[in-house]
file my_file.txt (compact mmCIF, C-alpha atoms)
# COMPACT_ATOMS: atom_id res chain seq x y z
CA MET V 1 43.82 21.56 -2.74
CA LYS V 2 42.23 24.91 -1.90
CA THR V 3 39.49 25.25 0.70
CA ASP V 4 37.08 26.42 -1.99
CA ASP V 5 37.68 23.21 -3.94
CA TYR V 6 36.75 21.08 -0.94
CA ILE V 7 33.58 23.11 -0.42
CA ASN V 8 32.62 22.93 -4.09
CA LYS V 9 33.21 19.17 -4.22
CA LEU V 10 30.91 18.59 -1.24
CA ILE V 11 28.25 20.86 -2.72
CA ASP V 12 28.46 19.01 -6.06
CA ARG V 13 27.99 15.70 -4.27
CA GLU V 14 24.96 16.99 -2.38
CA LYS V 15 23.49 18.52 -5.54
CA GLN V 16 23.73 15.16 -7.30
CA MET V 17 21.57 13.46 -4.68
CA GLU V 18 18.19 12.59 -6.13
CA HIS V 19 14.91 12.63 -4.29
CA ASN V 20 12.51 9.70 -4.03
CA PRO V 21 10.77 9.27 -7.42
CA TYR V 22 7.43 8.94 -5.60
CA LEU V 23 7.83 12.25 -3.77
CA ALA V 24 5.19 13.96 -5.91
CA THR V 25 2.72 11.13 -5.21
CA ARG V 26 3.41 11.41 -1.50
CA ILE V 27 2.87 15.17 -1.56
CA MET V 28 -0.42 14.90 -3.49
CA ALA V 29 -1.64 12.17 -1.14
CA LYS V 30 -0.96 14.43 1.83
CA ILE V 31 -2.73 17.35 0.18
CA GLU V 32 -5.78 15.33 -0.83
CA THR V 33 -6.22 13.64 2.56
CA PRO V 34 -8.84 15.58 4.48
CA LYS V 35 -7.60 17.03 7.67
CA GLN V 36 -8.42 14.83 10.61
CA MET V 37 -10.22 16.53 13.40
CA LYS V 38 -7.92 17.48 16.16
CA ARG V 39 -8.64 15.46 19.20
CA GLY V 40 -9.78 17.84 21.88
CA VAL V 41 -9.40 17.53 25.56
CA PHE V 42 -13.05 16.54 25.88
CA GLN V 43 -12.52 13.49 23.74
CA TYR V 44 -9.78 12.23 26.03
CA LEU V 45 -11.97 12.97 29.05
CA ALA V 46 -14.85 11.05 27.51
CA VAL V 47 -12.66 8.01 26.87
CA ALA V 48 -11.27 8.14 30.42
CA ALA V 49 -14.79 8.49 31.86
CA SER V 50 -16.03 5.50 29.83
CA ILE V 51 -13.21 3.30 31.05
CA SER V 52 -13.83 4.38 34.65
CA LEU V 53 -17.54 3.66 34.26
CA VAL V 54 -16.91 0.16 32.93
CA ILE V 55 -14.50 -0.63 35.76
CA THR V 56 -16.92 0.73 38.37
CA MET V 57 -19.82 -1.30 36.94
CA GLY V 58 -17.65 -4.40 37.02
CA VAL V 59 -16.81 -3.84 40.67
CA VAL V 60 -20.47 -3.14 41.57
CA ILE V 61 -21.71 -6.26 39.77
CA GLY V 62 -19.00 -8.30 41.41
CA ASN V 63 -19.92 -7.03 44.86
CA SER V 64 -23.66 -7.61 44.29
CA TYR V 65 -23.10 -11.35 43.97
CA VAL V 66 -23.99 -12.86 47.35
CA VAL V 67 -23.38 -16.49 48.07
CA VAL V 68 -26.61 -17.95 49.50
CA PRO V 69 -25.77 -20.59 52.09
CA GLU V 70 -27.54 -23.87 51.33
CA LYS V 71 -29.80 -25.37 54.01
CA TYR V 72 -27.94 -28.30 55.37
CA ALA V 73 -29.98 -31.49 55.40
CA GLY V 74 -28.41 -34.40 57.14
CA ILE V 75 -29.16 -37.86 55.79
CA ASN V 76 -29.08 -40.71 58.24
CA ILE V 77 -28.75 -43.94 56.43
CA ASN V 78 -29.26 -47.09 58.42
CA ASP V 79 -27.90 -49.87 56.33
CA SER V 80 -29.78 -52.51 58.29
CA GLU V 81 -33.18 -51.00 57.35
CA MET V 82 -32.46 -50.95 53.68
CA GLU V 83 -34.27 -53.49 51.63
CA ASN V 84 -32.16 -56.53 51.02
CA PHE V 85 -32.12 -57.03 47.28
CA ALA V 86 -30.12 -60.14 47.65
CA LEU V 87 -33.31 -61.96 48.67
CA TYR V 88 -34.71 -61.57 45.19
CA ASN V 89 -31.75 -63.04 43.47
CA THR V 90 -32.03 -66.58 44.75
CA ASP V 91 -34.14 -69.13 42.74
CA SER V 92 -36.10 -70.36 45.77
CA ASN V 93 -37.87 -67.07 46.23
CA GLU V 94 -39.48 -66.85 42.78
CA MET Z 1 -1.51 25.35 -19.96
CA SER Z 2 0.40 28.32 -18.58
CA GLU Z 3 1.34 28.53 -14.93
CA GLN Z 4 -1.22 31.23 -14.32
CA GLN Z 5 -3.93 29.05 -15.83
CA ILE Z 6 -2.86 26.10 -13.69
CA ILE Z 7 -2.96 28.25 -10.55
CA GLN Z 8 -6.39 29.58 -11.50
CA ALA Z 9 -7.67 26.04 -12.09
CA ILE Z 10 -6.37 24.98 -8.66
CA LEU Z 11 -8.03 27.96 -7.01
CA ASN Z 12 -11.27 27.07 -8.80
CA GLY Z 13 -11.21 23.67 -7.14
CA ASP Z 14 -9.27 21.41 -9.49
CA HIS Z 15 -6.66 20.35 -6.93
CA SER Z 16 -5.25 17.63 -9.16
CA LYS Z 17 -3.61 20.33 -11.29
CA PHE Z 18 -1.30 21.11 -8.39
CA GLU Z 19 0.61 17.95 -9.26
CA LEU Z 20 1.83 19.66 -12.41
CA LEU Z 21 3.52 22.31 -10.29
CA VAL Z 22 4.88 19.72 -7.87
CA VAL Z 23 6.47 17.65 -10.65
CA LYS Z 24 7.93 20.75 -12.26
CA TYR Z 25 9.48 22.27 -9.15
CA GLN Z 26 10.14 19.38 -6.76
CA SER Z 27 13.79 19.02 -7.79
CA MET Z 28 14.39 22.72 -7.35
CA VAL Z 29 12.87 22.74 -3.88
CA PHE Z 30 14.67 19.53 -2.92
CA ARG Z 31 18.05 20.92 -3.98
CA THR Z 32 17.53 24.11 -1.98
CA ALA Z 33 16.41 22.12 1.06
CA MET Z 34 19.55 19.95 0.75
CA GLY Z 35 21.63 23.11 1.03
CA PHE Z 36 20.07 23.77 4.43
CA VAL Z 37 19.68 20.32 5.97
CA HIS Z 38 22.37 18.22 4.13
CA SER Z 39 20.25 15.10 4.52
CA LYS Z 40 18.18 13.39 1.81
CA GLU Z 41 15.36 12.29 4.14
CA ASP Z 42 15.08 15.68 5.85
CA ALA Z 43 15.19 17.44 2.49
CA GLU Z 44 12.32 15.27 1.23
CA ASP Z 45 10.28 16.04 4.35
CA LEU Z 46 11.01 19.74 3.91
CA THR Z 47 10.01 19.56 0.24
CA GLN Z 48 6.69 18.05 1.26
CA ASP Z 49 6.14 20.78 3.85
CA VAL Z 50 6.99 23.48 1.32
CA PHE Z 51 4.47 22.25 -1.24
CA ILE Z 52 1.75 21.82 1.37
CA ARG Z 53 2.36 25.35 2.55
CA ALA Z 54 2.37 26.59 -1.05
CA PHE Z 55 -0.93 24.82 -1.71
CA GLN Z 56 -2.53 26.29 1.41
CA SER Z 57 -1.40 29.82 0.62
CA LEU Z 58 -1.86 29.71 -3.15
CA SER Z 59 -4.73 32.17 -2.93
CA SER Z 60 -2.29 34.77 -1.58
CA PHE Z 61 -0.04 34.48 -4.64
CA GLN Z 62 -0.86 37.66 -6.48
CA GLY Z 63 1.49 37.25 -9.42
CA ASN Z 64 3.65 40.26 -8.49
CA SER Z 65 6.68 37.99 -8.72
CA GLU Z 66 7.36 34.83 -10.67
CA PHE Z 67 5.94 31.65 -9.21
CA PRO Z 68 9.43 30.07 -8.74
CA THR Z 69 10.57 33.18 -6.85
CA TRP Z 70 7.57 32.90 -4.55
CA LEU Z 71 8.22 29.18 -4.10
CA TYR Z 72 11.91 29.82 -3.31
CA ARG Z 73 10.85 32.24 -0.56
CA ILE Z 74 8.59 29.61 1.00
CA THR Z 75 11.41 27.06 0.74
CA VAL Z 76 13.92 29.33 2.45
CA ASN Z 77 11.50 30.35 5.21
CA THR Z 78 10.38 26.78 5.85
CA SER Z 79 13.97 25.52 5.93
CA ILE Z 80 15.11 28.19 8.36
CA ASN Z 81 12.11 27.61 10.63
CA GLN Z 82 12.80 23.89 10.63
CA LEU Z 83 16.47 24.43 11.48
CA ASN Z 84 15.57 26.74 14.35
CA ARG Z 85 13.16 24.11 15.70
CA ASN Z 86 15.76 21.39 15.43
CA LYS Z 87 18.70 23.20 16.99
CA HIS Z 88 18.76 20.78 19.91
CA ARG Z 89 19.10 17.88 17.50
CA ALA Z 90 22.22 19.37 15.91
CA PHE Z 91 24.57 16.84 17.52
CA LEU Z 92 22.51 13.83 16.43
CA GLN Z 93 22.15 15.30 12.96
CA ILE Z 94 25.89 15.72 12.55
CA ALA Z 95 26.46 12.15 13.71
CA GLY Z 96 23.75 10.91 11.37
CA ASN Z 97 25.18 12.82 8.44
CA MET Z 98 28.61 11.34 9.14
CA LEU Z 99 27.19 7.83 9.05
CA GLN Z 100 25.14 8.62 5.98
CA SER Z 101 28.08 10.03 4.07
CA MET Z 102 30.14 6.98 5.02
CA PHE Z 103 27.49 4.60 3.65
CA ASN Z 104 26.67 6.68 0.58
CA LYS Z 105 30.26 6.83 -0.53
CA GLU Z 106 31.19 5.37 -3.87
CA THR Z 107 33.66 2.59 -3.43
CA GLY Z 108 36.69 3.95 -5.18
CA ASP Z 109 40.37 3.68 -4.71
CA LYS Z 110 40.29 5.30 -1.30
CA ASN Z 111 41.36 3.29 1.66
CA PRO Z 112 39.40 3.44 4.94
CA HIS Z 113 41.72 6.09 6.35
CA GLN Z 114 41.15 8.37 3.38
CA GLU Z 115 37.41 7.76 3.53
CA LEU Z 116 37.35 8.66 7.20
CA GLU Z 117 39.36 11.79 6.47
CA GLN Z 118 36.88 12.78 3.76
CA THR Z 119 33.94 12.17 6.10
CA GLU Z 120 35.51 14.42 8.72
CA GLN Z 121 36.18 17.11 6.11
CA ASP Z 122 32.58 16.92 4.90
CA THR Z 123 31.32 17.24 8.47
CA ALA Z 124 33.56 20.27 9.08
CA ILE Z 125 32.37 21.95 5.87
CA ARG Z 126 28.69 21.32 6.66
CA LYS Z 127 29.19 22.64 10.17
CA ALA Z 128 30.87 25.75 8.82
CA ILE Z 129 28.03 26.38 6.33
CA ASP Z 130 25.46 25.83 9.08
CA SER Z 131 27.21 28.32 11.33
CA LEU Z 132 26.92 31.19 8.82
CA PRO Z 133 24.52 33.99 9.76
CA GLU Z 134 21.04 33.39 8.35
CA LYS Z 135 21.19 35.87 5.43
CA GLN Z 136 24.70 34.85 4.39
CA ARG Z 137 23.68 31.21 4.51
CA THR Z 138 20.55 31.84 2.43
CA ALA Z 139 22.48 33.75 -0.23
CA PHE Z 140 25.20 31.08 -0.23
CA VAL Z 141 22.75 28.19 -0.63
CA LEU Z 142 20.78 29.91 -3.39
CA SER Z 143 24.00 30.76 -5.23
CA LYS Z 144 25.87 27.48 -4.84
CA TYR Z 145 23.09 24.87 -4.71
CA ASP Z 146 20.62 26.48 -7.13
CA ASP Z 147 23.17 28.33 -9.33
CA LEU Z 148 21.01 31.43 -9.23
CA ALA Z 149 22.23 34.79 -10.46
CA GLN Z 150 22.61 37.62 -7.97
CA LYS Z 151 19.58 39.35 -9.53
CA GLU Z 152 17.39 36.31 -8.89
CA ILE Z 153 18.71 35.92 -5.33
CA ALA Z 154 17.97 39.60 -4.72
CA ALA Z 155 14.36 39.09 -5.88
CA ILE Z 156 13.96 36.10 -3.56
CA MET Z 157 15.55 37.77 -0.55
CA GLN Z 158 13.86 41.09 -1.37
CA CYS Z 159 17.08 43.08 -1.18
CA SER Z 160 19.42 44.79 -3.61
CA GLU Z 161 21.94 43.03 -5.81
CA GLY Z 162 24.71 44.88 -4.00
CA SER Z 163 23.53 43.40 -0.70
CA VAL Z 164 23.57 39.92 -2.22
CA GLU Z 165 27.11 40.43 -3.48
CA GLN Z 166 28.22 41.55 -0.02
CA LEU Z 167 26.49 38.61 1.64
CA LEU Z 168 28.17 36.14 -0.71
CA GLN Z 169 31.57 37.73 -0.19
CA ARG Z 170 31.19 37.63 3.59
CA ALA Z 171 29.98 34.04 3.48
CA LYS Z 172 33.04 33.06 1.43
CA THR Z 173 35.39 34.87 3.82
CA ASN Z 174 33.75 33.31 6.88
CA LEU Z 175 33.96 29.82 5.44
CA GLN Z 176 37.61 30.22 4.52
CA LYS Z 177 38.41 31.56 7.96
CA LYS Z 178 36.69 28.62 9.67
CA LEU Z 179 37.92 25.89 7.38
CA LYS Z 180 41.47 26.90 6.47
CA PRO Z 181 42.96 25.60 9.75
CA LEU Z 182 41.12 22.31 9.30
CA ILE Z 183 41.34 21.56 5.59
CA GLY Z 184 42.97 22.91 2.44
CA LYS Z 185 45.69 25.51 2.08
call {"tool": "encode", "arguments": {"input": "my_file.txt", "output": "structure tokens"}}
result
Amino acid sequence: MKTDDYINKLIDREKQMEHNPYLATRIMAKIETPKQMKRGVFQYLAVAASISLVITMGVVIGNSYVVVPEKYAGININDSEMENFALYNTDSNE
Amino acid sequence: MSEQQIIQAILNGDHSKFELLVVKYQSMVFRTAMGFVHSKEDAEDLTQDVFIRAFQSLSSFQGNSEFPTWLYRITVNTSINQLNRNKHRAFLQIAGNMLQSMFNKETGDKNPHQELEQTEQDTAIRKAIDSLPEKQRTAFVLSKYDDLAQKEIAAIMQCSEGSVEQLLQRAKTNLQKKLKPLIGK
């Protein structure tokens, strides 16, 4: 087989390949979609600044919380001075 | 509606009419792109890029040449620009094309060894076509993939018919020189 024949056979095979039947739809969709605004540097800076601000506020709020120590009140319970409820439960005391 | 009327309607704001041109010429553009990139997916992406570029520069189409001629020029320029951008991906592309051609093969009477041999031959041929100088490659693709006459190729490449004939002859000689040791007699 000649070299030219090999080349022509490959070209024929590639020529027979068919494109996606929805290619035209895809192209028109791309054309009709309005161009999205290019994201500038300032937009990225604004997003970074917002995130930094939120983190800083969180840290500040966290640090502003102060634990107030409770006044300690000691309770001295003398069991012998407590009223004896058992006295009221016997029939003779009614 | 004639092509000129369609173009005028598009320029007047009726963008939906552009679909008529897309449907009419998408196969032509796809075939030409295949000649440059040898990959169905890449050719489809290129076709999309070509039509978007054509749409954006439609106002600059003055009608001095036929619309298909103008579209061919955009296709060739877009394909060459894409190839220049993707030069570093050449190795991956060759490997991908090898895999693709293995999977796209029709199951015939060939045994695996013959199929592998064919895949290697295809890769060698594609590599040889891709290594042609830009003008020779353009003339070769337009002649072989689009079956265009030398006169039409000359109009697209904006050169003389004699130049096109020389380019095609040199392309043929180069390909034979590169491929004869590898395949064929």
call {"tool": "atom_distance", "arguments": {"input": "my_file.txt", "atom1": "CA of Thr119 in chain Z", "atom2": "CA of Ile7 in chain V"}}
result
12.7 Å
call {"tool": "interface_residues", "arguments": {"input": "my_file.txt", "of": "chain V", "to": "chain Z", "cutoff": "12 Å", "atoms": "only C-alpha atoms", "output": "JSON, numbers by chain"}}
result
{"V": [1, 2, 3, 4, 5, 6, 7, 8, 9, 10, 11, 12, 13, 14, 15, 16, 17, 18, 19, 20, 21, 22, 23, 24, 25, 26, 27, 28, 29, 30, 31, 32, 33]}
call {"tool": "residues_around", "arguments": {"input": "my_file.txt", "residues": "Gln82 in chain Z", "least_positions_apart": "4", "cutoff": "12 Å", "atoms": "all atoms listed in the file", "output": "list of chain:residue names"}}
result
Z:Ala33, Z:Phe36, Z:Val37, Z:Asp42, Z:Ala43, Z:Asp45, Z:Leu46, Z:Thr47, Z:Asp49, Z:Val50, Z:Ile74, Z:Thr75, Z:Val76, Z:Asn77, Z:Thr78, Z:Asn86, Z:Lys87, Z:His88, Z:Arg89, Z:Ala90
call {"tool": "residues_around", "arguments": {"input": "my_file.txt", "residues": "Glu66 in chain Z", "least_positions_apart": "2", "cutoff": "12 Å", "atoms": "only C-alpha atoms", "output": "count of residues only"}}
result
15
call {"tool": "atom_distance", "arguments": {"input": "my_file.txt", "atom1": "CA of Lys135 in chain Z", "atom2": "CA of Met157 in chain Z"}}
result
8.4 Å
call {"tool": "atom_distance", "arguments": {"input": "my_file.txt", "atom1": "CA of Lys17 in chain Z", "atom2": "CA of Met1 in chain Z"}}
result
10.2 Å
call {"tool": "closest_residue", "arguments": {"input": "my_file.txt", "among": "Z:Glu115, Z:Asn84, Z:Ile7, Z:Gln166", "to": "Phe67 in chain Z", "atoms": "only C-alpha atoms"}}
result
Z:Ile7
call {"tool": "closest_residue", "arguments": {"input": "my_file.txt", "among": "Z:Leu142, Z:Arg85, Z:Leu58, Z:Gln136", "to": "Asn12 in chain Z", "atoms": "only C-alpha atoms"}}
result
Z:Leu58
call {"tool": "axis_aligned_box", "arguments": {"input": "my_file.txt", "around": "range 9-24 of chain Z", "padding_each_side": "6 Å", "output": "AutoDock Vina command-line options"}}
result
--center_x -1.7 --center_y 22.8 --center_z -9.7 --size_x 31.2 --size_y 22.3 --size_z 17.5
call {"tool": "decode", "arguments": {"input": "my_file.txt", "residues": "range 17-31 of chain Z", "atoms": "all heavy atoms", "output": "mmCIF file, in the first residue's frame"}}
result
data_model
loop_
_atom_site.group_PDB
_atom_site.id
_atom_site.type_symbol
_atom_site.label_atom_id
_atom_site.label_comp_id
_atom_site.auth_asym_id
_atom_site.auth_seq_id
_atom_site.Cartn_x
_atom_site.Cartn_y
_atom_site.Cartn_z
ATOM 1 N N LYS Z 17 -31.498 35.059 13.515
ATOM 2 C CA LYS Z 17 -31.230 34.681 12.104
ATOM 3 C C LYS Z 17 -29.837 34.074 11.938
ATOM 4 O O LYS Z 17 -29.560 33.385 10.958
ATOM 5 C CB LYS Z 17 -31.356 35.911 11.184
ATOM 6 C CG LYS Z 17 -32.779 36.406 11.001
ATOM 7 C CD LYS Z 17 -33.509 35.572 9.944
ATOM 8 C CE LYS Z 17 -34.893 36.107 9.632
ATOM 9 N NZ LYS Z 17 -35.861 35.989 10.712
ATOM 10 N N PHE Z 18 -28.961 34.340 12.891
ATOM 11 C CA PHE Z 18 -27.602 33.804 12.784
ATOM 12 C C PHE Z 18 -27.622 32.279 12.797
ATOM 13 O O PHE Z 18 -26.724 31.623 12.251
ATOM 14 C CB PHE Z 18 -26.732 34.350 13.928
ATOM 15 C CG PHE Z 18 -25.270 34.050 13.769
ATOM 16 C CD1 PHE Z 18 -24.510 34.687 12.802
ATOM 17 C CD2 PHE Z 18 -24.636 33.129 14.586
ATOM 18 C CE1 PHE Z 18 -23.158 34.416 12.651
ATOM 19 C CE2 PHE Z 18 -23.281 32.848 14.443
ATOM 20 C CZ PHE Z 18 -22.551 33.493 13.472
ATOM 21 N N GLU Z 19 -28.657 31.712 13.413
ATOM 22 C CA GLU Z 19 -28.746 30.256 13.470
ATOM 23 C C GLU Z 19 -28.832 29.647 12.070
ATOM 24 O O GLU Z 19 -28.348 28.536 11.836
ATOM 25 C CB GLU Z 19 -29.958 29.826 14.301
ATOM 26 C CG GLU Z 19 -29.948 28.345 14.651
ATOM 27 C CD GLU Z 19 -31.002 27.954 15.649
ATOM 28 O OE1 GLU Z 19 -31.762 28.837 16.105
ATOM 29 O OE2 GLU Z 19 -31.073 26.758 15.970
ATOM 30 N N LEU Z 20 -29.431 30.386 11.151
ATOM 31 C CA LEU Z 20 -29.519 29.890 9.772
ATOM 32 C C LEU Z 20 -28.130 29.688 9.182
ATOM 33 O O LEU Z 20 -27.857 28.702 8.492
ATOM 34 C CB LEU Z 20 -30.315 30.873 8.903
ATOM 35 C CG LEU Z 20 -31.773 31.093 9.306
ATOM 36 C CD1 LEU Z 20 -32.383 32.244 8.517
ATOM 37 C CD2 LEU Z 20 -32.597 29.832 9.111
ATOM 38 N N LEU Z 21 -27.249 30.632 9.473
ATOM 39 C CA LEU Z 21 -25.875 30.531 8.969
ATOM 40 C C LEU Z 21 -25.131 29.405 9.688
ATOM 41 O O LEU Z 21 -24.341 28.671 9.077
ATOM 42 C CB LEU Z 21 -25.133 31.858 9.172
ATOM 43 C CG LEU Z 21 -25.693 33.054 8.389
ATOM 44 C CD1 LEU Z 21 -24.960 34.333 8.774
ATOM 45 C CD2 LEU Z 21 -25.586 32.829 6.889
ATOM 46 N N VAL Z 22 -25.380 29.282 10.986
ATOM 47 C CA VAL Z 22 -24.701 28.243 11.764
ATOM 48 C C VAL Z 22 -25.070 26.857 11.216
ATOM 49 O O VAL Z 22 -24.200 26.018 10.969
ATOM 50 C CB VAL Z 22 -25.066 28.340 13.269
ATOM 51 C CG1 VAL Z 22 -24.508 27.159 14.039
ATOM 52 C CG2 VAL Z 22 -24.550 29.637 13.865
ATOM 53 N N VAL Z 23 -26.366 26.639 11.028
ATOM 54 C CA VAL Z 23 -26.833 25.331 10.563
ATOM 55 C C VAL Z 23 -26.277 25.021 9.168
ATOM 56 O O VAL Z 23 -25.893 23.894 8.870
ATOM 57 C CB VAL Z 23 -28.385 25.303 10.564
ATOM 58 C CG1 VAL Z 23 -28.917 24.099 9.815
ATOM 59 C CG2 VAL Z 23 -28.914 25.307 11.989
ATOM 60 N N LYS Z 24 -26.195 26.060 8.364
ATOM 61 C CA LYS Z 24 -25.729 25.862 6.982
ATOM 62 C C LYS Z 24 -24.250 25.528 6.916
ATOM 63 O O LYS Z 24 -23.823 24.696 6.102
ATOM 64 C CB LYS Z 24 -26.021 27.133 6.182
ATOM 65 C CG LYS Z 24 -25.781 26.987 4.692
ATOM 66 C CD LYS Z 24 -26.227 28.228 3.944
ATOM 67 C CE LYS Z 24 -25.898 28.081 2.460
ATOM 68 N NZ LYS Z 24 -26.233 29.296 1.691
ATOM 69 N N TYR Z 25 -23.448 26.173 7.755
ATOM 70 C CA TYR Z 25 -22.003 26.063 7.611
ATOM 71 C C TYR Z 25 -21.292 25.295 8.726
ATOM 72 O O TYR Z 25 -20.071 25.173 8.702
ATOM 73 C CB TYR Z 25 -21.384 27.469 7.504
ATOM 74 C CG TYR Z 25 -21.761 28.181 6.229
ATOM 75 C CD1 TYR Z 25 -22.625 29.282 6.252
ATOM 76 C CD2 TYR Z 25 -21.283 27.762 4.992
ATOM 77 C CE1 TYR Z 25 -22.982 29.938 5.095
ATOM 78 C CE2 TYR Z 25 -21.640 28.401 3.822
ATOM 79 C CZ TYR Z 25 -22.492 29.482 3.874
ATOM 80 O OH TYR Z 25 -22.851 30.127 2.712
ATOM 81 N N GLN Z 26 -22.025 24.776 9.697
ATOM 82 C CA GLN Z 26 -21.350 24.129 10.831
ATOM 83 C C GLN Z 26 -20.552 22.896 10.400
ATOM 84 O O GLN Z 26 -19.445 22.659 10.914
ATOM 85 C CB GLN Z 26 -22.360 23.779 11.932
ATOM 86 C CG GLN Z 26 -23.435 22.806 11.524
ATOM 87 C CD GLN Z 26 -24.423 22.523 12.659
ATOM 88 O OE1 GLN Z 26 -24.149 22.779 13.834
ATOM 89 N NE2 GLN Z 26 -25.588 21.986 12.332
ATOM 90 N N SER Z 27 -21.083 22.121 9.462
ATOM 91 C CA SER Z 27 -20.356 20.926 9.022
ATOM 92 C C SER Z 27 -19.065 21.301 8.315
ATOM 93 O O SER Z 27 -18.031 20.655 8.496
ATOM 94 C CB SER Z 27 -21.229 20.098 8.069
ATOM 95 O OG SER Z 27 -22.380 19.668 8.742
ATOM 96 N N MET Z 28 -19.140 22.346 7.532
ATOM 97 C CA MET Z 28 -17.965 22.810 6.788
ATOM 98 C C MET Z 28 -16.861 23.246 7.760
ATOM 99 O O MET Z 28 -15.708 22.854 7.632
ATOM 100 C CB MET Z 28 -18.398 23.974 5.902
ATOM 101 C CG MET Z 28 -17.296 24.662 5.160
ATOM 102 S SD MET Z 28 -17.867 26.244 4.494
ATOM 103 C CE MET Z 28 -17.252 27.379 5.707
ATOM 104 N N VAL Z 29 -17.263 24.019 8.751
ATOM 105 C CA VAL Z 29 -16.284 24.519 9.723
ATOM 106 C C VAL Z 29 -15.738 23.356 10.562
ATOM 107 O O VAL Z 29 -14.527 23.280 10.822
ATOM 108 C CB VAL Z 29 -16.938 25.590 10.632
ATOM 109 C CG1 VAL Z 29 -16.008 26.012 11.745
ATOM 110 C CG2 VAL Z 29 -17.341 26.807 9.807
ATOM 111 N N PHE Z 30 -16.632 22.437 10.928
ATOM 112 C CA PHE Z 30 -16.212 21.288 11.741
ATOM 113 C C PHE Z 30 -15.178 20.432 11.002
ATOM 114 O O PHE Z 30 -14.171 20.012 11.564
ATOM 115 C CB PHE Z 30 -17.439 20.442 12.097
ATOM 116 C CG PHE Z 30 -17.118 19.192 12.869
ATOM 117 C CD1 PHE Z 30 -16.843 19.240 14.220
ATOM 118 C CD2 PHE Z 30 -17.095 17.954 12.229
ATOM 119 C CE1 PHE Z 30 -16.546 18.079 14.930
ATOM 120 C CE2 PHE Z 30 -16.800 16.800 12.934
ATOM 121 C CZ PHE Z 30 -16.522 16.861 14.283
ATOM 122 N N ARG Z 31 -15.444 20.192 9.721
ATOM 123 C CA ARG Z 31 -14.537 19.373 8.910
ATOM 124 C C ARG Z 31 -13.164 20.026 8.810
ATOM 125 O O ARG Z 31 -12.131 19.374 8.936
ATOM 126 C CB ARG Z 31 -15.138 19.202 7.521
ATOM 127 C CG ARG Z 31 -14.897 17.857 6.896
ATOM 128 C CD ARG Z 31 -15.653 17.630 5.619
ATOM 129 N NE ARG Z 31 -15.947 18.808 4.853
ATOM 130 C CZ ARG Z 31 -17.164 19.256 4.612
ATOM 131 N NH1 ARG Z 31 -18.212 18.640 5.115
ATOM 132 N NH2 ARG Z 31 -17.349 20.334 3.877
#
